[in-house]
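Next comes input_12.cif, a file with mmCIF, C-alpha atoms.
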data_run
#
loop_
_atom_site.label_atom_id
_atom_site.label_comp_id
_atom_site.auth_asym_id
_atom_site.auth_seq_id
_atom_site.Cartn_x
_atom_site.Cartn_y
_atom_site.Cartn_z
CA ASN A 25 90.40 99.87 103.78
CA ALA A 26 91.83 102.66 101.65
CA HIS A 27 91.51 104.90 104.71
CA ALA A 28 93.09 102.27 106.94
CA LEU A 29 96.04 101.90 104.57
CA ARG A 30 96.59 105.68 104.54
CA GLU A 31 96.43 105.85 108.35
CA LEU A 32 98.76 102.85 108.69
CA GLN A 33 101.22 104.49 106.30
CA ALA A 34 101.17 107.69 108.37
CA VAL A 35 101.90 105.71 111.55
CA CYS A 36 104.63 103.76 109.76
CA ASP A 37 106.24 106.96 108.44
CA ALA A 38 106.21 108.51 111.91
CA VAL A 39 107.65 105.40 113.54
CA HIS A 40 110.45 105.18 110.97
CA ARG A 41 111.17 108.87 111.40
CA ASP A 42 111.35 108.65 115.21
CA ALA A 43 113.11 105.29 115.65
CA ASP A 44 115.27 102.86 113.74
CA VAL A 45 112.91 99.88 113.51
CA GLY A 46 113.40 98.76 109.93
CA ASP A 47 110.27 97.26 108.38
CA ASP A 48 109.31 95.59 111.64
CA CYS A 49 106.79 98.11 112.98
CA TRP A 50 103.29 96.80 113.59
CA SER A 51 101.65 99.25 111.19
CA CYS A 52 103.91 98.14 108.31
CA ARG A 53 103.04 94.51 108.99
CA VAL A 54 99.29 95.22 109.21
CA SER A 55 99.43 97.12 105.93
CA ALA A 56 101.45 94.40 104.18
CA SER A 57 99.11 91.68 105.47
CA LEU A 58 96.04 93.61 104.35
CA LYS A 59 97.47 94.00 100.84
CA ARG A 60 98.33 90.28 100.71
CA ILE A 61 94.82 89.37 101.88
CA LYS A 62 93.39 91.55 99.11
CA ARG A 63 95.63 89.80 96.57
CA CYS A 64 94.46 86.37 97.77
CA VAL A 65 90.80 87.37 97.54
CA GLU A 66 91.09 88.93 94.08
CA ALA A 67 93.31 86.20 92.61
CA GLU A 68 92.21 83.81 89.92
CA PRO A 69 92.17 80.14 90.91
CA GLY A 70 95.58 78.56 90.55
CA GLU A 71 97.63 81.74 90.88
CA PRO A 72 100.74 81.14 92.97
CA MET A 73 100.63 81.93 96.68
CA THR A 74 96.92 82.77 96.72
CA GLY A 75 95.14 79.65 97.94
CA PRO A 76 93.15 79.18 101.18
CA TRP A 77 96.26 78.31 103.18
CA TYR A 78 97.96 81.57 102.18
CA LEU A 79 94.80 83.53 102.97
CA ALA A 80 94.60 81.97 106.43
CA THR A 81 98.29 82.70 107.00
CA HIS A 82 97.88 86.36 106.02
CA LEU A 83 94.76 86.73 108.17
CA ALA A 84 96.64 85.34 111.16
CA ALA A 85 99.57 87.69 110.48
CA TRP A 86 97.13 90.63 110.26
CA GLU A 87 95.57 89.75 113.62
CA LYS A 88 98.95 89.28 115.30
CA ALA A 89 100.23 92.63 114.00
CA VAL A 90 97.04 94.42 115.08
CA ASP A 91 97.30 92.91 118.57
CA GLN A 92 100.94 94.00 118.72
CA GLY A 93 99.89 97.52 117.71
CA VAL A 94 97.32 97.68 120.50
CA ALA A 95 99.91 96.48 123.02
CA GLU A 96 102.72 98.79 121.83
CA THR A 97 100.59 101.93 121.86
CA ALA A 98 98.63 101.16 125.03
CA ASN A 99 100.47 103.71 127.20
CA ARG A 100 99.38 106.53 124.84
CA GLY A 101 102.25 108.78 125.86
CA SER A 102 102.34 111.04 122.83
CA PRO A 103 99.64 112.36 120.50
CA LEU A 104 100.97 109.98 117.84
CA GLU A 105 100.57 107.01 120.18
CA LYS A 106 96.99 108.09 120.92
CA LYS A 107 96.16 108.14 117.22
CA ALA A 108 98.02 104.90 116.61
CA ASN A 109 96.27 103.23 119.54
CA ASN A 110 92.89 104.43 118.29
CA LEU A 111 93.69 102.96 114.86
CA ALA A 112 94.94 99.63 116.23
CA THR A 113 91.98 99.34 118.61
CA ARG A 114 89.54 100.16 115.82
CA LEU A 115 91.14 97.52 113.57
CA ARG A 116 90.89 94.95 116.35
CA ASP A 117 87.34 95.80 117.45
CA ARG A 118 85.91 96.16 113.96
CA ARG A 119 87.75 93.25 112.39
CA GLU A 120 84.63 91.93 110.65
CA ASP A 121 84.01 95.31 109.01
CA TYR A 122 87.58 95.74 107.76
CA LEU A 123 87.77 92.18 106.46
CA ARG A 124 84.23 91.87 105.11
CA PHE A 125 85.58 91.75 101.55
CA VAL A 126 87.10 88.34 102.41
CA THR A 127 83.80 86.64 103.23
CA ASP A 128 81.27 88.65 101.20
CA GLU A 129 81.93 88.97 97.47
CA ARG A 130 79.56 91.96 97.27
CA ALA A 131 81.80 93.97 99.60
CA GLU A 132 84.62 95.86 98.00
CA PHE A 133 88.09 96.35 99.44
CA SER A 134 87.56 100.09 99.70
CA ASN A 135 84.66 102.49 99.46
CA ASN A 136 86.37 104.88 97.07
CA ALA A 137 83.50 104.71 94.55
CA ALA A 138 81.05 105.91 97.20
CA GLU A 139 83.43 108.64 98.29
CA ARG A 140 83.79 109.88 94.72
CA GLN A 141 80.04 110.43 94.61
CA VAL A 142 80.13 112.62 97.71
CA ARG A 143 83.28 114.47 96.63
CA MET A 144 81.58 116.39 93.81
CA ALA A 145 79.01 117.89 96.17
CA LYS A 146 81.78 118.83 98.59
CA VAL A 147 83.78 120.52 95.81
CA LYS A 148 80.66 122.43 94.71
CA MET A 149 80.18 123.65 98.27
CA LYS A 150 83.81 124.79 98.50
CA VAL A 151 83.80 126.58 95.15
CA SER A 152 80.48 128.35 95.41
CA GLY A 153 80.34 128.65 99.18
CA GLY A 154 77.52 126.19 99.55
CA PHE A 155 74.03 125.68 98.27
CA ARG A 156 71.49 128.46 98.61
CA SER A 157 68.79 126.11 99.83
CA TRP A 158 68.17 122.50 100.77
CA ASP A 159 66.02 122.24 97.67
CA GLY A 160 68.99 123.23 95.49
CA ALA A 161 71.24 120.72 97.24
CA ASP A 162 68.62 118.02 96.80
CA ARG A 163 68.26 118.76 93.08
CA PHE A 164 72.04 118.68 92.65
CA ALA A 165 72.21 115.28 94.37
CA VAL A 166 69.38 113.88 92.21
CA LEU A 167 71.08 115.03 89.00
CA ARG A 168 74.46 113.62 90.07
CA SER A 169 72.87 110.31 91.00
CA TYR A 170 71.00 110.09 87.69
CA VAL A 171 74.09 110.89 85.61
CA HIS A 172 76.27 108.44 87.53
CA THR A 173 73.69 105.65 87.17
CA ALA A 174 73.48 106.33 83.43
CA GLN A 175 77.27 106.20 83.14
CA LYS A 176 77.29 102.83 84.91
CA HIS A 177 74.89 101.60 82.21
CA GLY A 178 77.06 102.81 79.32
CA LYS A 179 75.36 106.15 78.62
CA THR A 180 77.18 109.46 78.56
CA ALA A 181 76.07 112.32 80.78
CA THR A 182 74.94 114.22 77.67
CA GLN A 183 72.82 111.30 76.45
CA ALA A 184 71.20 110.84 79.84
CA LEU A 185 70.45 114.52 80.43
CA SER A 186 69.22 115.17 76.89
CA SER A 187 66.80 112.23 77.18
CA VAL A 188 65.15 114.02 80.11
CA PHE A 189 63.73 116.53 77.64
CA THR A 190 62.27 113.92 75.29
CA PRO A 191 59.22 111.69 75.62
CA HIS A 192 61.55 108.67 76.02
CA ILE A 193 63.49 109.45 79.18
CA TRP A 194 66.32 107.00 79.84
CA GLN A 195 65.80 104.71 82.81
CA PRO A 196 67.85 101.74 83.93
CA ALA A 197 66.26 98.35 83.36
CA LEU A 198 64.61 97.01 86.47
#

Could you rewrite the structure in this file as structure tokens?
Amino acid sequence: NAHALRELQAVCDAVHRDADVGDDCWSCRVSASLKRIKRCVEAEPGEPMTGPWYLATHLAAWEKAVDQGVAETANRGSPLEKKANNLATRLRDRREDYLRFVTDERAEFSNNAAERQVRMAKVKMKVSGGFRSWDGADRFAVLRSYVHTAQKHGKTATQALSSVFTPHIWQPAL
């Protein structure tokens, strides 16, 4: 959803730049509804405007705005309309994927944590021009995975890596 919000913001910025629509463009409404849905899901019981009725209202508003986006961009006249139509169609067709965080508490609103894990390898490739071999890339990925798992369990990278060279290597509890 972090990607969807960025794409919706880009469409919204372009629409506001090209036409005087106020805050009534479909992408602004989809984005606002998605943020409200997230607030309802993450709210503590009893918080104002976060109960099941509000969630259902925001879900309905999200669907209506997405449908409006598909309809408004259907003619695909400009490159922006093509991208906007692709986004609106993807939101409509993959509704369950985008809103999985509503029904499954294991699903997160965005996948930024997973992207952060991949980002380090990508930065390494950019800085050094890539890995010299698949074996080197594989070893890099194993080390990054081990360090990140240790950090999730309260260990520092130094503690985790130094334990590799001792008889009592750190391992997460199974």

- Which residues fall under the PyMOL selection byres ((chain A and resi 181-198) around 8) in this file, as a list in words?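 Checking the PyMOL selection byres ((chain A and resi 181-198) around 8) against this file, the residues are Tyr170, Val171, His172, Thr173, Ala174, Gln175, His177, Lys179 and Thr180 of chain A.
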
- Which of these, A:Asn25, A:Phe133, A:Ser51, A:Asp117, has the shortest distance to Arg63 (chain A) once you count all atoms listed in the file? A:Phe133

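Minimum atom-to-atom distance to Asp91 (chain A), evaluated using all atoms listed in the file, belongs to A:Trp50 out of A:Pro103, A:Ala108, A:Trp50, A:Trp77.
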
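In this model, the gap between CA of Cys64 (chain A) and CA of Tyr78 (chain A) comes to 7.4 Å.
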
- Message: What would the selection look like, as JSON, numbers by chain, if the PyMOL selection byres ((chain A and resi 58-61) around 8) were run on the coordinates I just shared?
- Response: {"A": [54, 55, 56, 57, 62, 63, 64, 65, 79, 82, 83, 86, 126]}

- What lies within 10 Å of region 35-40 of chain A using only C-alpha atoms, ignoring chain neighbours under 5 positions off, as a list of chain:residue names? A:Leu29, A:Arg30, A:Val45, A:Gly46, A:Asp47, A:Asp48, A:Cys49, A:Trp50, A:Ser51, A:Cys52, A:Arg53, A:Ser55, A:Leu104, A:Glu105, A:Lys107, A:Ala108, A:Leu111

- If you measure from CA of Phe125 (chain A) to CA of Val94 (chain A), what distance in Å do you get, rounded to one decimal?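 If I compute the distance from CA of Phe125 (chain A) to CA of Val94 (chain A), I get 23.1 Å.
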
- On this file, the PyMOL selection byres ((chain A and resi 95) around 12) gives some set of residues; write that set as a PyMOL selection string. chain A and resi 50+88-94+96-100+105+108-110+112-113+116
